[in-house]
Every structure is written in structure tokens, then in C-alpha cells.
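Quick look at structure-v5.cif (mmCIF, C-alpha atoms):
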data_upload
#
loop_
_atom_site.label_atom_id
_atom_site.label_comp_id
_atom_site.auth_asym_id
_atom_site.auth_seq_id
_atom_site.Cartn_x
_atom_site.Cartn_y
_atom_site.Cartn_z
CA MET A 1 -69.56 -98.37 -155.03
CA LYS A 2 -66.27 -96.88 -153.86
CA LYS A 3 -66.61 -94.97 -150.59
CA VAL A 4 -65.51 -91.29 -150.78
CA SER A 5 -62.83 -90.52 -148.22
CA GLN A 6 -63.24 -87.83 -145.56
CA GLU A 7 -60.62 -85.72 -147.37
CA GLY A 8 -62.49 -86.18 -150.67
CA LYS A 9 -65.71 -84.94 -149.06
CA ARG A 10 -63.89 -81.95 -147.60
CA THR A 11 -62.36 -81.04 -150.97
CA PHE A 12 -65.82 -81.22 -152.53
CA ILE A 13 -67.25 -78.88 -149.88
CA GLN A 14 -64.29 -76.51 -150.33
CA LEU A 15 -64.89 -76.41 -154.10
CA LEU A 16 -68.58 -75.83 -153.57
CA PHE A 17 -67.96 -72.85 -151.29
CA ALA A 18 -65.23 -71.42 -153.53
CA ALA A 19 -67.76 -71.48 -156.39
CA PHE A 20 -70.50 -70.07 -154.16
CA PHE A 21 -68.43 -67.12 -152.91
CA ASN A 22 -67.25 -66.43 -156.49
CA GLY A 23 -70.43 -67.23 -158.35
CA TYR A 24 -70.50 -64.23 -160.70
CA ALA A 25 -69.16 -66.06 -163.76
CA ALA A 26 -69.73 -63.14 -166.16
CA GLY A 27 -67.06 -61.16 -164.30
CA PHE A 28 -64.35 -63.61 -165.36
CA ILE A 29 -65.37 -63.37 -169.00
CA LYS A 30 -65.98 -59.62 -169.22
CA GLY A 31 -63.17 -58.49 -166.91
CA HIS A 32 -65.23 -56.53 -164.41
CA ILE A 33 -66.42 -57.13 -160.86
CA PHE A 34 -69.85 -57.84 -159.41
CA GLN A 35 -71.57 -54.67 -158.17
CA GLY A 36 -74.73 -56.06 -156.61
CA LYS A 37 -76.11 -55.36 -153.14
CA THR A 38 -74.83 -58.63 -151.63
CA LYS A 39 -71.47 -56.91 -151.32
CA ILE A 40 -72.87 -55.13 -148.29
CA LEU A 41 -72.21 -58.43 -146.49
CA CYS A 42 -68.81 -59.84 -145.67
CA VAL A 43 -68.05 -63.43 -146.57
CA PRO A 44 -66.44 -65.40 -143.72
CA VAL A 45 -63.27 -66.09 -145.75
CA LEU A 46 -60.30 -64.24 -147.22
CA ASN A 47 -61.88 -63.74 -150.63
CA CYS A 48 -60.95 -60.45 -152.29
CA TYR A 49 -63.92 -58.32 -153.36
CA SER A 50 -61.95 -57.46 -156.48
CA CYS A 51 -62.12 -61.05 -157.64
CA PRO A 52 -64.31 -60.86 -160.76
CA GLY A 53 -66.62 -63.54 -159.37
CA ALA A 54 -66.88 -62.31 -155.77
CA LEU A 55 -70.46 -61.91 -154.56
CA GLY A 56 -69.57 -60.60 -151.09
CA SER A 57 -66.92 -58.44 -149.44
CA CYS A 58 -63.68 -59.61 -147.87
CA PRO A 59 -63.80 -59.06 -144.08
CA ILE A 60 -60.12 -58.08 -143.83
CA GLY A 61 -60.35 -55.71 -146.81
CA SER A 62 -63.57 -54.18 -145.47
CA LEU A 63 -62.12 -53.77 -141.98
CA GLN A 64 -59.14 -51.87 -143.34
CA ALA A 65 -61.29 -49.83 -145.72
CA VAL A 66 -63.47 -48.58 -142.86
CA ILE A 67 -60.73 -47.89 -140.31
CA SER A 68 -58.53 -46.12 -142.86
CA SER A 69 -61.39 -43.85 -143.96
CA ARG A 70 -61.72 -40.20 -142.96
CA LYS A 71 -64.85 -40.91 -140.93
CA HIS A 72 -64.01 -43.91 -138.75
CA ARG A 73 -61.15 -45.41 -136.74
CA PHE A 74 -63.09 -48.51 -135.68
CA SER A 75 -65.48 -50.76 -137.56
CA PHE A 76 -68.33 -52.09 -135.45
CA TYR A 77 -70.01 -53.54 -138.52
CA VAL A 78 -67.13 -55.64 -139.87
CA LEU A 79 -65.91 -56.65 -136.42
CA GLY A 80 -69.45 -57.72 -135.51
CA MET A 81 -69.63 -59.91 -138.58
CA ILE A 82 -66.21 -61.45 -137.95
CA MET A 83 -67.24 -62.15 -134.34
CA LEU A 84 -70.41 -63.84 -135.56
CA PHE A 85 -68.49 -66.07 -137.99
CA GLY A 86 -65.86 -66.77 -135.32
CA LEU A 87 -68.48 -67.71 -132.75
CA LEU A 88 -70.48 -69.94 -135.08
CA LEU A 89 -67.68 -71.73 -136.91
CA GLY A 90 -64.25 -70.61 -135.67
CA ARG A 91 -61.48 -72.00 -137.85
CA LEU A 92 -63.85 -74.46 -139.51
CA VAL A 93 -64.01 -71.55 -141.97
CA CYS A 94 -60.31 -72.14 -142.77
CA GLY A 95 -60.66 -75.88 -143.15
CA PHE A 96 -63.86 -76.06 -145.16
CA LEU A 97 -64.85 -72.70 -146.63
CA CYS A 98 -61.75 -70.71 -147.59
CA PRO A 99 -60.84 -70.76 -151.32
CA PHE A 100 -57.26 -69.76 -150.58
CA GLY A 101 -57.02 -72.64 -148.10
CA LEU A 102 -58.34 -74.97 -150.81
CA LEU A 103 -55.70 -73.73 -153.23
CA GLN A 104 -52.94 -74.43 -150.69
CA ASP A 105 -54.41 -77.88 -149.93
CA LEU A 106 -54.42 -78.77 -153.63
CA LEU A 107 -50.85 -77.53 -154.14
CA HIS A 108 -49.70 -79.62 -151.19
CA LYS A 109 -51.03 -82.72 -152.92
CA ILE A 110 -48.33 -82.35 -155.60
CA PRO A 111 -46.10 -85.36 -154.97
CA ILE A 112 -42.74 -83.77 -154.22
CA LYS A 113 -40.54 -84.01 -151.13
CA LYS A 114 -42.07 -82.04 -148.26
CA ILE A 115 -40.22 -79.80 -145.83
CA LYS A 116 -40.54 -80.35 -142.10
CA ILE A 117 -39.98 -77.12 -140.20
CA ASN A 118 -38.21 -77.34 -136.87
CA GLU A 119 -40.82 -77.40 -134.10
CA LYS A 120 -39.33 -74.45 -132.20
CA VAL A 121 -39.00 -72.31 -135.33
CA ASP A 122 -42.53 -73.25 -136.37
CA LYS A 123 -43.89 -72.29 -132.95
CA VAL A 124 -42.33 -68.82 -133.17
CA LEU A 125 -43.42 -68.30 -136.80
CA ARG A 126 -47.04 -69.08 -135.90
CA TYR A 127 -47.16 -65.83 -133.90
CA PHE A 128 -46.27 -63.87 -137.01
CA LYS A 129 -49.89 -63.85 -138.21
CA TYR A 130 -50.86 -61.98 -135.03
CA VAL A 131 -48.14 -59.41 -135.78
CA VAL A 132 -49.53 -59.05 -139.32
CA LEU A 133 -53.02 -58.59 -137.87
CA ALA A 134 -51.97 -56.02 -135.27
CA ILE A 135 -49.59 -53.97 -137.42
CA LEU A 136 -50.65 -54.24 -141.07
CA VAL A 137 -54.40 -54.72 -140.65
CA ILE A 138 -55.12 -52.51 -137.62
CA LEU A 139 -52.38 -50.10 -136.55
CA LEU A 140 -50.93 -48.78 -139.82
CA PRO A 141 -54.31 -48.12 -141.51
CA ILE A 142 -55.38 -46.15 -138.41
CA LEU A 143 -52.15 -44.30 -137.68
CA ILE A 144 -50.51 -43.46 -141.03
CA ARG A 145 -52.56 -40.77 -142.75
CA ASP A 146 -52.07 -38.70 -145.89
CA ASP A 147 -52.84 -35.00 -146.40
CA PHE A 148 -56.53 -35.84 -146.87
CA ASN A 149 -56.61 -37.73 -143.56
CA MET A 150 -56.94 -41.04 -145.42
CA GLY A 151 -55.11 -44.19 -144.41
CA ASP A 152 -54.04 -47.09 -146.55
CA THR A 153 -55.11 -50.73 -146.65
CA TRP A 154 -51.61 -51.98 -145.84
CA PHE A 155 -52.23 -55.70 -145.74
CA CYS A 156 -54.28 -55.72 -148.97
CA LYS A 157 -51.89 -53.41 -150.76
CA TYR A 158 -48.53 -54.91 -149.83
CA VAL A 159 -49.15 -58.51 -148.77
CA CYS A 160 -52.46 -60.22 -149.53
CA PRO A 161 -51.80 -62.98 -152.07
CA ALA A 162 -55.54 -63.69 -152.38
CA GLY A 163 -55.98 -60.16 -153.75
CA THR A 164 -53.16 -60.62 -156.26
CA MET A 165 -54.69 -63.91 -157.28
CA ALA A 166 -58.07 -62.22 -157.73
CA GLY A 167 -56.47 -59.54 -159.85
CA ILE A 168 -54.96 -61.93 -162.40
CA PRO A 169 -58.20 -62.79 -164.28
CA LEU A 170 -59.29 -59.17 -163.98
CA ILE A 171 -56.05 -57.86 -165.49
CA LEU A 172 -55.97 -60.53 -168.20
CA ALA A 173 -59.46 -59.57 -169.35
CA ASN A 174 -59.08 -55.82 -168.93
CA PRO A 175 -56.58 -53.97 -171.22
CA ALA A 176 -57.00 -50.70 -169.29
CA LEU A 177 -55.65 -52.37 -166.16
CA GLN A 178 -52.80 -54.02 -168.08
CA SER A 179 -51.49 -50.59 -169.07
CA VAL A 180 -51.01 -49.44 -165.47
CA ILE A 181 -49.26 -52.38 -163.82
CA GLY A 182 -45.93 -51.51 -162.21
CA PHE A 183 -43.58 -52.28 -159.33
CA LEU A 184 -46.31 -52.98 -156.76
CA PHE A 185 -47.81 -55.65 -158.99
CA SER A 186 -44.40 -57.27 -159.47
CA TRP A 187 -43.84 -57.24 -155.70
CA LYS A 188 -47.22 -58.80 -155.00
CA MET A 189 -46.73 -61.39 -157.74
CA CYS A 190 -43.40 -62.37 -156.13
CA LEU A 191 -45.11 -62.79 -152.75
CA LEU A 192 -47.89 -64.82 -154.35
CA LEU A 193 -45.38 -67.09 -156.07
CA ILE A 194 -43.48 -67.58 -152.80
CA VAL A 195 -46.73 -68.57 -151.05
CA LEU A 196 -47.79 -70.90 -153.88
CA ILE A 197 -44.39 -72.61 -154.21
CA SER A 198 -44.01 -73.00 -150.45
CA SER A 199 -47.53 -74.49 -150.33
CA THR A 200 -46.26 -77.43 -152.34
CA LEU A 201 -43.55 -78.03 -149.71
CA ILE A 202 -45.28 -77.05 -146.45
CA HIS A 203 -48.92 -77.58 -145.60
CA ARG A 204 -50.84 -74.27 -145.67
CA PRO A 205 -47.93 -71.87 -144.99
CA PHE A 206 -50.12 -68.81 -145.49
CA CYS A 207 -52.72 -70.03 -142.97
CA LYS A 208 -50.06 -71.01 -140.44
CA TYR A 209 -47.87 -67.93 -140.56
CA LEU A 210 -49.54 -65.00 -142.30
CA CYS A 211 -53.32 -65.02 -142.43
CA PRO A 212 -54.80 -62.28 -140.20
CA LEU A 213 -58.31 -63.72 -140.53
CA GLY A 214 -57.13 -67.12 -139.34
CA ALA A 215 -55.46 -65.33 -136.43
CA ILE A 216 -58.79 -63.75 -135.44
CA TYR A 217 -60.75 -66.98 -135.81
CA GLY A 218 -58.07 -68.76 -133.77
CA LEU A 219 -59.02 -66.54 -130.83
CA PHE A 220 -62.52 -68.06 -130.98
CA SER A 221 -61.32 -71.68 -131.08
CA ARG A 222 -62.00 -72.40 -127.42
CA PHE A 223 -65.58 -71.22 -127.44
CA SER A 224 -66.86 -71.34 -131.01
CA LEU A 225 -70.05 -73.36 -131.37
CA TYR A 226 -68.27 -75.90 -133.56
CA GLN A 227 -65.89 -77.81 -131.30
CA MET A 228 -63.70 -80.85 -131.53
CA ASP A 229 -64.12 -83.24 -128.66
CA LEU A 230 -61.66 -85.83 -127.38
CA ASP A 231 -63.02 -88.56 -125.15
CA LYS A 232 -60.05 -89.19 -122.90
CA GLU A 233 -61.60 -92.40 -121.58
CA LYS A 234 -61.52 -93.92 -125.08
CA CYS A 235 -58.14 -92.48 -126.10
CA VAL A 236 -55.34 -95.07 -126.00
CA GLY A 237 -52.57 -92.53 -126.61
CA CYS A 238 -51.49 -93.90 -130.00
CA HIS A 239 -51.07 -90.29 -131.26
CA LYS A 240 -52.26 -91.23 -134.75
CA CYS A 241 -54.36 -88.05 -134.67
CA GLU A 242 -51.23 -85.95 -134.20
CA GLN A 243 -49.35 -87.78 -136.94
CA VAL A 244 -52.01 -86.95 -139.55
CA CYS A 245 -52.72 -83.38 -138.41
CA PRO A 246 -51.70 -80.99 -141.22
CA MET A 247 -51.46 -78.09 -138.74
CA GLN A 248 -49.28 -80.05 -136.28
CA VAL A 249 -51.78 -79.65 -133.44
CA LYS A 250 -51.09 -81.65 -130.29
CA CYS A 251 -54.58 -83.15 -130.38
CA THR A 252 -54.22 -85.17 -127.18
CA GLN A 253 -53.18 -82.06 -125.23
CA ASN A 254 -55.31 -79.33 -126.78
CA ILE A 255 -57.84 -80.57 -129.30
CA ASN A 256 -59.38 -77.11 -129.70
CA SER A 257 -56.08 -75.35 -130.32
CA ALA A 258 -56.14 -71.96 -132.08
CA GLU A 259 -54.16 -73.63 -134.86
CA CYS A 260 -56.76 -76.36 -135.54
CA ILE A 261 -58.62 -75.75 -138.81
CA ARG A 262 -61.21 -78.44 -138.00
CA CYS A 263 -60.34 -80.47 -141.11
CA GLY A 264 -61.35 -83.66 -139.30
CA ARG A 265 -58.34 -85.75 -140.28
CA CYS A 266 -57.73 -86.58 -136.61
CA LYS A 267 -61.31 -87.81 -136.27
CA ALA A 268 -60.97 -90.03 -139.34
CA ALA A 269 -57.59 -91.40 -138.20
CA CYS A 270 -58.61 -92.30 -134.64
CA PRO A 271 -58.89 -96.11 -134.34
CA GLU A 272 -60.91 -95.84 -131.12
CA ASN A 273 -63.44 -93.23 -132.33
CA ALA A 274 -62.34 -91.08 -129.43
CA ILE A 275 -62.54 -87.85 -131.43
CA ASP A 276 -65.84 -86.27 -132.33
CA SER A 277 -67.08 -82.86 -133.39
CA THR A 278 -70.03 -81.02 -131.88
CA PHE A 279 -72.07 -77.97 -132.76
CA GLY A 280 -74.28 -75.94 -130.46
CA PHE A 281 -74.45 -73.84 -127.33
CA LYS A 282 -74.66 -76.89 -125.08
CA ILE A 283 -71.31 -78.28 -123.97
CA LYS A 284 -70.76 -82.00 -124.33
CA ARG A 285 -70.70 -83.41 -120.81
CA GLU A 286 -67.97 -86.00 -121.43
CA SER A 287 -65.31 -83.53 -122.46
CA GLU A 288 -66.04 -81.34 -119.44
CA LYS A 289 -66.10 -84.36 -117.13
CA ASN A 290 -62.85 -85.70 -118.52
CA HIS A 291 -61.09 -82.38 -118.35
CA GLY A 292 -57.72 -82.68 -116.65
CA LYS A 293 -57.45 -86.46 -116.91
CA ASP A 294 -54.23 -87.81 -118.34
CA ILE A 295 -54.09 -89.61 -121.66
CA LYS A 296 -52.85 -93.19 -121.48
CA GLY A 297 -49.37 -93.49 -122.85
CA SER A 298 -48.55 -89.76 -123.01
CA MET B 1 -75.05 -72.45 -117.11
CA SER B 2 -71.33 -73.07 -117.74
CA ARG B 3 -68.79 -70.26 -118.15
CA LYS B 4 -68.27 -71.22 -121.78
CA THR B 5 -71.98 -70.92 -122.57
CA VAL B 6 -72.11 -67.49 -120.90
CA ILE B 7 -69.15 -66.34 -123.03
CA ARG B 8 -70.83 -67.67 -126.16
CA ILE B 9 -74.08 -65.85 -125.47
CA ALA B 10 -72.21 -62.65 -124.57
CA VAL B 11 -70.16 -62.79 -127.81
CA LEU B 12 -73.32 -63.40 -129.83
CA LEU B 13 -75.06 -60.40 -128.28
CA VAL B 14 -72.02 -58.14 -128.71
CA ALA B 15 -71.61 -59.25 -132.34
CA VAL B 16 -75.24 -58.47 -133.17
CA LEU B 17 -75.02 -55.15 -131.30
CA PHE B 18 -71.83 -54.23 -133.19
CA ILE B 19 -73.49 -54.98 -136.56
CA VAL B 20 -76.50 -52.82 -135.68
CA ILE B 21 -74.28 -49.95 -134.45
CA GLY B 22 -72.18 -50.29 -137.61
CA VAL B 23 -75.24 -50.02 -139.85
CA PHE B 24 -76.32 -46.82 -138.07
CA ARG B 25 -72.81 -45.36 -138.45
CA ASP B 26 -73.01 -45.89 -142.24
CA GLU B 27 -70.24 -48.49 -142.14
CA ALA B 28 -72.35 -50.99 -144.10
CA ALA B 29 -72.81 -48.46 -146.89
CA MET B 30 -69.06 -47.86 -146.85
CA VAL B 31 -68.39 -51.60 -147.18
CA LEU B 32 -70.83 -51.82 -150.11
CA LYS B 33 -69.25 -48.83 -151.86
CA LYS B 34 -65.75 -50.25 -151.41
CA GLY B 35 -66.89 -53.66 -152.65
CA ARG B 36 -68.47 -52.24 -155.79
CA ASP B 37 -65.29 -50.51 -156.98
CA ILE B 38 -62.26 -52.41 -158.23
CA CYS B 39 -59.75 -52.24 -155.38
CA LEU B 40 -56.60 -51.34 -157.28
CA SER B 41 -54.35 -51.67 -154.25
CA CYS B 42 -55.71 -55.18 -153.56
CA ILE B 43 -54.79 -56.43 -157.03
CA GLY B 44 -51.42 -54.66 -156.86
CA ILE B 45 -51.94 -51.68 -159.11
CA GLY B 46 -52.57 -48.53 -157.11
#

What do you get writing this file as C-alpha cells?
Amino acid sequence: MKKVSQEGKRTFIQLLFAAFFNGYAAGFIKGHIFQGKTKILCVPVLNCYSCPGALGSCPIGSLQAVISSRKHRFSFYVLGMIMLFGLLLGRLVCGFLCPFGLLQDLLHKIPIKKIKINEKVDKVLRYFKYVVLAILVILLPILIRDDFNMGDTWFCKYVCPAGTMAGIPLILANPALQSVIGFLFSWKMCLLLIVLISSTLIHRPFCKYLCPLGAIYGLFSRFSLYQMDLDKEKCVGCHKCEQVCPMQVKCTQNINSAECIRCGRCKAACPENAIDSTFGFKIKRESEKNHGKDIKGS
Amino acid sequence: MSRKTVIRIAVLLVAVLFIVIGVFRDEAAMVLKKGRDICLSCIGIG
């Protein structure tokens, strides 16, 4: 029997979680959203709660909804949940659970010429997601208020392509919504198209440069319970791990980089089995012991 | 216990504490209410 590749297994898991987070099939047919009690919980991924199938709430949408309300300027509840997801899984969420990440992965498989972004430009652009997080997700919803002391969900309203994507089946199945679409919808559709088209040329452009949730999880990369581990004694410095990394992480220098989405391609590519992944509170002795040692050939 | 383990335990405790505080501040109910209504701004309508 043909052995399923590591990437094949990952795609299967991604599909499984996309279906799990959007399991309310009736919503897609009837053109309404799920209204059950599970929406009290945030899902760990950027999955709009206005997607007809969504069973849980989007953490970024919920965060903005609470901090832009009349009552609160800070959300302990949503932040607590994001911290929990970040601590347990970190950016493994991006690599294995996120439906919008899956969509970008699939689009990148389209066999057309890919674009390689200049390393320096790429490095600067990566910080943009932190700007999006600070300004659109946190500051503007808190600071800009209307006459009723209500803020706006700036990221959801003006940027989030996952929300626009979620809205498409809803609008298609709901004539009342079709009658009120206007400029904002056109703007968001343009942004969505830009993200989708660029995903065919660049690997995961939204995750690399725009996603505020990925930015938060990136902050947990160094101490999340799921860690990548490079045995520097085994590493021969062939840099095959870095050549296959879709996020252009310098695996031999910083295997637990904030940019690593834990896809495991480096682990599969390593000819010496020097890369492993661990889960738990206990720190793997080898990686601590080897800390600071130079890689052969680098 | 290593520094990393201490950070992990601290983050876990703070996260749980934040969730509990949030529930008592009615934030969970707010999240549920928001999730049950179609978010027009999210889909690009309002």
C-alpha cells in the first residue's frame, strides 16, 4: 500500500478541523448561522462566527467585540482563551488547525511560477502583522468611539478576508443580505481576491504578513508546550530543513521561531533525524544541553 | 524547575484566572450574544 506523505497527513488533519469548526451543515443550505451555546467558546483559529457552519466564536472577532463595547475596554475572557491556546499549541494552530491556512496551502499547490520575496523586504513585512494587531485589533476599537460610546471592529470590518469568505455562502443563500451589499463588500472582496491570488504565488501571505492571531501565537513560540527540537549533535548542517520550510525559518539558528507554523516539513526532510517535536511541560534535556553549540557547516 | 517551565505554569494560571474573571464580568455572555447574530461588518455589509 502506498505510504501517505507527511504533507498528505497534515492536509487531512487540516480538512478534518475545518469541517469540525464549521460542522453546522444546515447553515450553508438555509443561509443562516448557528446559534447554539457552543458559541460561548472561542475556537483557536481565525474562523469567522458569521460563517454559516461555524460552531464556535472567532477569537479576534470576539476580542474586538468586547473591547469595542460600551462596558469593557479589556477582555479577560478572550485573552485568557487565546493564552491557553497559545500555551498549549502555539503556531501549531496555524499549521494544522486553521481553515484559512488550509485554503492558502491548497492555493499554493497550483502549479504556476512562484514569487520569491527579497529576504530583507520579507523580514520587514513580517512585522506588519504586529502593526495590524496593535492598531486595527486593539487600539482603534478601544479609542475611536461613536456618540453611543461604541467602538468598531476595525480588523473584521475593513480587512479580515476570512470574514468575507464566510459571508459568501451566507449572502448567496440569503436574498435579504444580497439587497444591502455595497462599497464595503466590494472593498473586502478586492482584499480577499488579492490574498487568494497572492497565495498561489507566495506561500501563506496572509499568515506571514497580516494575521493578528498568528502574531499573538508567535509570541508563545518559545514556550508553548508543543516545541520543535533540533539535536545539534546529529545535525550535519546540510540546511535541507531550511530549503523546504514554507515560512523561510532559519531552522538551524532558531527552530522555535515565531514564524514557524510547526508544519513538520523540516522534520520530514532531515536526513539525520535531527529534528523532532515534543509536547509537555518537561523540557527535552538534549536541546537544553546543546544550547549554544555551533552547527557543523554553518 | 527550569525558567521555561515556570513561565509555562505562570501563563497557564494567568490564562485560567483571566477566563474566570471574564466570565464574572459577563464577557462570556457578550461573546455568545455576538456569535449568535450575523456580524454584518465581518461579512462586509454593515

Of the candidates B:Ala10, B:Ile43, B:Phe24, B:Asp37, which one gets nearest to chain A if we count all atoms listed in the file?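 Smallest separation from chain A among the options: B:Ile43.
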
Could you please tell me, as a ChimeraX atom specification, which residues of chain B have an atom within 6 Å of chain A when using all atoms listed in the file? /B:15,18-19,22,28,31-32,35-36,38-39,41-45

Nearest-residue call for Leu97 (chain A), choices A:Phe279, A:Phe206, A:Phe20, A:Tyr226, using only C-alpha atoms: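 Checking each of A:Phe279, A:Phe206, A:Phe20, A:Tyr226 against Leu97 (chain A), counting only C-alpha atoms, the winner is A:Phe20.
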
Name every residue that the PyMOL selection byres ((chain A and resi 251) around 12) selects in this structure, writing the answer as JSON, numbers by chain with chains first and numbers rising. {"A": [228, 229, 230, 231, 232, 235, 237, 238, 239, 240, 241, 242, 243, 244, 245, 246, 247, 248, 249, 250, 252, 253, 254, 255, 256, 257, 258, 259, 260, 261, 262, 264, 265, 266, 267, 269, 270, 274, 275, 276, 295, 298]}

Between CA of Gln104 (chain A) and CA of Leu201 (chain A), what distance in Å does the model show, to one decimal? 10.1 Å

Please compute the CA of Ala176 (chain A)-CA of Met30 (chain B) distance, one decimal, in Å. 25.6 Å

Using only C-alpha atoms, determine which residues lie at most 10 Å from Gly95 (chain A), disregarding the query and same-chain residues fewer than 4 positions distant; provide the list as an MDAnalysis selection string. chainID A and resid 10:11 13:14 90:91 99 101:102 105 207 260:264

Residues within 8 Å of region 126-130 of chain A, please, as a list in words. Count all atoms listed in the file; anything in the same chain fewer than 2 positions from it doesn't count. Asp122, Lys123, Val124, Val132, Leu133, Ala134, Lys208, Tyr209, Leu210, Cys211, Pro212 and Ala215 of chain A

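One distance worth recording is that between CA of Phe100 (chain A) and CA of Leu140 (chain A), which is 24.4 Å.
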
Centre and size of axis-aligned box enclosing region 13-27 of chain B plus 6 Å each side, as AutoDock Vina command-line options:
--center_x -73.4 --center_y -52.9 --center_z -135.3 --size_x 18.3 --size_y 27.0 --size_z 26.0

Write a file for region 58-72 of chain A, containing N, CA, C and O atoms (output as a PDB file, in the first residue's frame).
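For reference, out.pdb as written:
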ATOM      1  N   CYS A  58     -14.968  33.354  16.746  1.00  0.00           N
ATOM      2  CA  CYS A  58     -13.606  33.711  16.331  1.00  0.00           C
ATOM      3  C   CYS A  58     -12.939  34.515  17.448  1.00  0.00           C
ATOM      4  O   CYS A  58     -13.525  35.470  17.952  1.00  0.00           O
ATOM      5  N   PRO A  59     -11.731  34.145  17.873  1.00  0.00           N
ATOM      6  CA  PRO A  59     -11.091  34.867  18.979  1.00  0.00           C
ATOM      7  C   PRO A  59     -10.800  36.334  18.665  1.00  0.00           C
ATOM      8  O   PRO A  59     -10.934  37.188  19.541  1.00  0.00           O
ATOM      9  N   ILE A  60     -10.423  36.620  17.416  1.00  0.00           N
ATOM     10  CA  ILE A  60     -10.099  38.014  17.064  1.00  0.00           C
ATOM     11  C   ILE A  60     -11.393  38.845  16.983  1.00  0.00           C
ATOM     12  O   ILE A  60     -11.452  39.970  17.481  1.00  0.00           O
ATOM     13  N   GLY A  61     -12.437  38.264  16.409  1.00  0.00           N
ATOM     14  CA  GLY A  61     -13.728  38.949  16.348  1.00  0.00           C
ATOM     15  C   GLY A  61     -14.290  39.185  17.740  1.00  0.00           C
ATOM     16  O   GLY A  61     -14.773  40.274  18.056  1.00  0.00           O
ATOM     17  N   SER A  62     -14.195  38.165  18.598  1.00  0.00           N
ATOM     18  CA  SER A  62     -14.716  38.276  19.963  1.00  0.00           C
ATOM     19  C   SER A  62     -13.942  39.318  20.765  1.00  0.00           C
ATOM     20  O   SER A  62     -14.526  40.105  21.512  1.00  0.00           O
ATOM     21  N   LEU A  63     -12.629  39.305  20.591  1.00  0.00           N
ATOM     22  CA  LEU A  63     -11.782  40.274  21.309  1.00  0.00           C
ATOM     23  C   LEU A  63     -12.204  41.696  20.965  1.00  0.00           C
ATOM     24  O   LEU A  63     -12.417  42.539  21.844  1.00  0.00           O
ATOM     25  N   GLN A  64     -12.368  41.947  19.672  1.00  0.00           N
ATOM     26  CA  GLN A  64     -12.762  43.294  19.247  1.00  0.00           C
ATOM     27  C   GLN A  64     -14.184  43.637  19.700  1.00  0.00           C
ATOM     28  O   GLN A  64     -14.461  44.770  20.070  1.00  0.00           O
ATOM     29  N   ALA A  65     -15.067  42.637  19.646  1.00  0.00           N
ATOM     30  CA  ALA A  65     -16.457  42.878  20.050  1.00  0.00           C
ATOM     31  C   ALA A  65     -16.533  43.310  21.516  1.00  0.00           C
ATOM     32  O   ALA A  65     -17.271  44.230  21.857  1.00  0.00           O
ATOM     33  N   VAL A  66     -15.723  42.679  22.367  1.00  0.00           N
ATOM     34  CA  VAL A  66     -15.766  43.008  23.796  1.00  0.00           C
ATOM     35  C   VAL A  66     -15.111  44.363  24.066  1.00  0.00           C
ATOM     36  O   VAL A  66     -15.684  45.214  24.746  1.00  0.00           O
ATOM     37  N   ILE A  67     -13.932  44.586  23.486  1.00  0.00           N
ATOM     38  CA  ILE A  67     -13.225  45.840  23.819  1.00  0.00           C
ATOM     39  C   ILE A  67     -13.827  47.066  23.128  1.00  0.00           C
ATOM     40  O   ILE A  67     -13.528  48.187  23.507  1.00  0.00           O
ATOM     41  N   SER A  68     -14.672  46.843  22.130  1.00  0.00           N
ATOM     42  CA  SER A  68     -15.315  48.000  21.484  1.00  0.00           C
ATOM     43  C   SER A  68     -16.709  48.242  22.073  1.00  0.00           C
ATOM     44  O   SER A  68     -17.410  49.157  21.665  1.00  0.00           O
ATOM     45  N   SER A  69     -17.083  47.411  23.059  1.00  0.00           N
ATOM     46  CA  SER A  69     -18.421  47.576  23.655  1.00  0.00           C
ATOM     47  C   SER A  69     -18.424  48.760  24.614  1.00  0.00           C
ATOM     48  O   SER A  69     -17.373  49.285  24.985  1.00  0.00           O
ATOM     49  N   ARG A  70     -19.619  49.152  25.044  1.00  0.00           N
ATOM     50  CA  ARG A  70     -19.779  50.253  25.987  1.00  0.00           C
ATOM     51  C   ARG A  70     -19.177  49.883  27.347  1.00  0.00           C
ATOM     52  O   ARG A  70     -18.614  50.714  28.032  1.00  0.00           O
ATOM     53  N   LYS A  71     -19.303  48.610  27.687  1.00  0.00           N
ATOM     54  CA  LYS A  71     -19.000  48.149  29.046  1.00  0.00           C
ATOM     55  C   LYS A  71     -17.509  47.908  29.331  1.00  0.00           C
ATOM     56  O   LYS A  71     -17.036  48.130  30.434  1.00  0.00           O
ATOM     57  N   HIS A  72     -16.786  47.399  28.341  1.00  0.00           N
ATOM     58  CA  HIS A  72     -15.407  46.966  28.612  1.00  0.00           C
ATOM     59  C   HIS A  72     -14.384  47.578  27.655  1.00  0.00           C
ATOM     60  O   HIS A  72     -14.698  47.878  26.509  1.00  0.00           O
TER      61      HIS A  72
END
